[in-house]
Amino acid sequence: MTSFGDLLGPQPVLLTGDDEAESDLLNGAAPAEVAAAHPTASIAWAYLAEAAINAATDGAEPDVAGVIAAYAYARTGYHRGLDQLRRHGWKGFGPVPWSHEPNQGFLRAVGVLARAAQAIGEEDEYLRCLDLLNDSDPTAIAHLGLE
């Protein structure tokens, strides 16, 4: 049985993460420097994307250039995460638990991609991201504040 109670579904994917990138970020290194040093680390791209989307949407009107930067950072983190998921046996579906911390870089990048897509009116992409998050882990949307 998978962790989500599906007897026939695939086992959850537990990514290995990037310990050095995660440590650098937790110790206050600039996310851009961490992304440059560890370009395959989704968590670094998620940090960049979150900072960009938060800055771009903190006013009355969103800063479109900032939203696009967040979208690009998030898209990079998403694709880096997909690469790693596939290397870990993921076939495009199945659980990617939020509770496993190394999975959070990918899931956070997808969350920002959803926010940025919604901010520029790309509703189909926004809904695809929500579906991916829900399929990965039904709790991820709440963890990311997308409810």
# chains A, B, ... in the order shown; residues from 1 in each chain; ligands from 1
call {"tool": "select_by_dssp", "arguments": {"residues": "range 29-97 of chain A", "states": "helix (DSSP H, G or I)", "output": "count of residues only"}}
result
46
call {"tool": "residues_around", "arguments": {"residues": "range 126-141 of chain A", "least_positions_apart": "3", "cutoff": "8 Å", "atoms": "only C-alpha atoms", "output": "VMD selection string"}}
result
chain A and resid 93 to 98 107 110 to 111 113 to 115 117 to 118 122 to 123 144 to 147
call {"tool": "write_last_selection", "arguments": {"atoms": "C-alpha atoms", "output": "tab-separated table (two decimals), in the first residue's frame"}}
result
chain	number	residue	atom	x	y	z
A	93	PHE	CA	2.34	10.11	-11.93
A	94	GLY	CA	2.26	8.89	-8.39
A	95	PRO	CA	3.00	10.24	-4.93
A	96	VAL	CA	5.71	12.81	-4.30
A	97	PRO	CA	5.17	13.38	-0.56
A	98	TRP	CA	5.54	16.88	0.85
A	107	LEU	CA	6.80	21.03	-5.05
A	110	VAL	CA	5.40	24.03	-8.92
A	111	GLY	CA	3.56	26.15	-6.35
A	113	LEU	CA	4.67	28.36	-11.14
A	114	ALA	CA	0.97	28.12	-10.31
A	115	ARG	CA	0.95	31.55	-8.64
A	117	ALA	CA	0.67	31.57	-14.13
A	118	GLN	CA	-2.43	32.81	-12.35
A	122	GLU	CA	-2.54	31.65	-17.78
A	123	GLU	CA	-5.43	29.73	-16.25
A	144	LEU	CA	1.97	26.16	-0.21
A	145	GLY	CA	-0.94	28.45	0.70
A	146	LEU	CA	-2.73	27.91	-2.61
A	147	GLU	CA	-6.15	27.08	-1.15
call {"tool": "residues_around", "arguments": {"residues": "range 47-55 of chain A", "least_positions_apart": "3", "cutoff": "12 Å", "atoms": "only C-alpha atoms", "output": "ChimeraX atom specification"}}
result
/A:21-22,24-26,28-36,39,41-44,58-78,104-120,144
call {"tool": "residues_around", "arguments": {"residues": "His88 in chain A", "least_positions_apart": "4", "cutoff": "9 Å", "atoms": "only C-alpha atoms", "output": "list in words"}}
result
Val13, Leu14, Leu15, Thr16, Asp83 and Gln84 of chain A
call {"tool": "atom_distance", "arguments": {"atom1": "CA of Arg87 in chain A", "atom2": "CA of Leu8 in chain A"}}
result
21.6 Å
call {"tool": "atom_distance", "arguments": {"atom1": "CA of Asp18 in chain A", "atom2": "CA of Trp45 in chain A"}}
result
12.3 Å
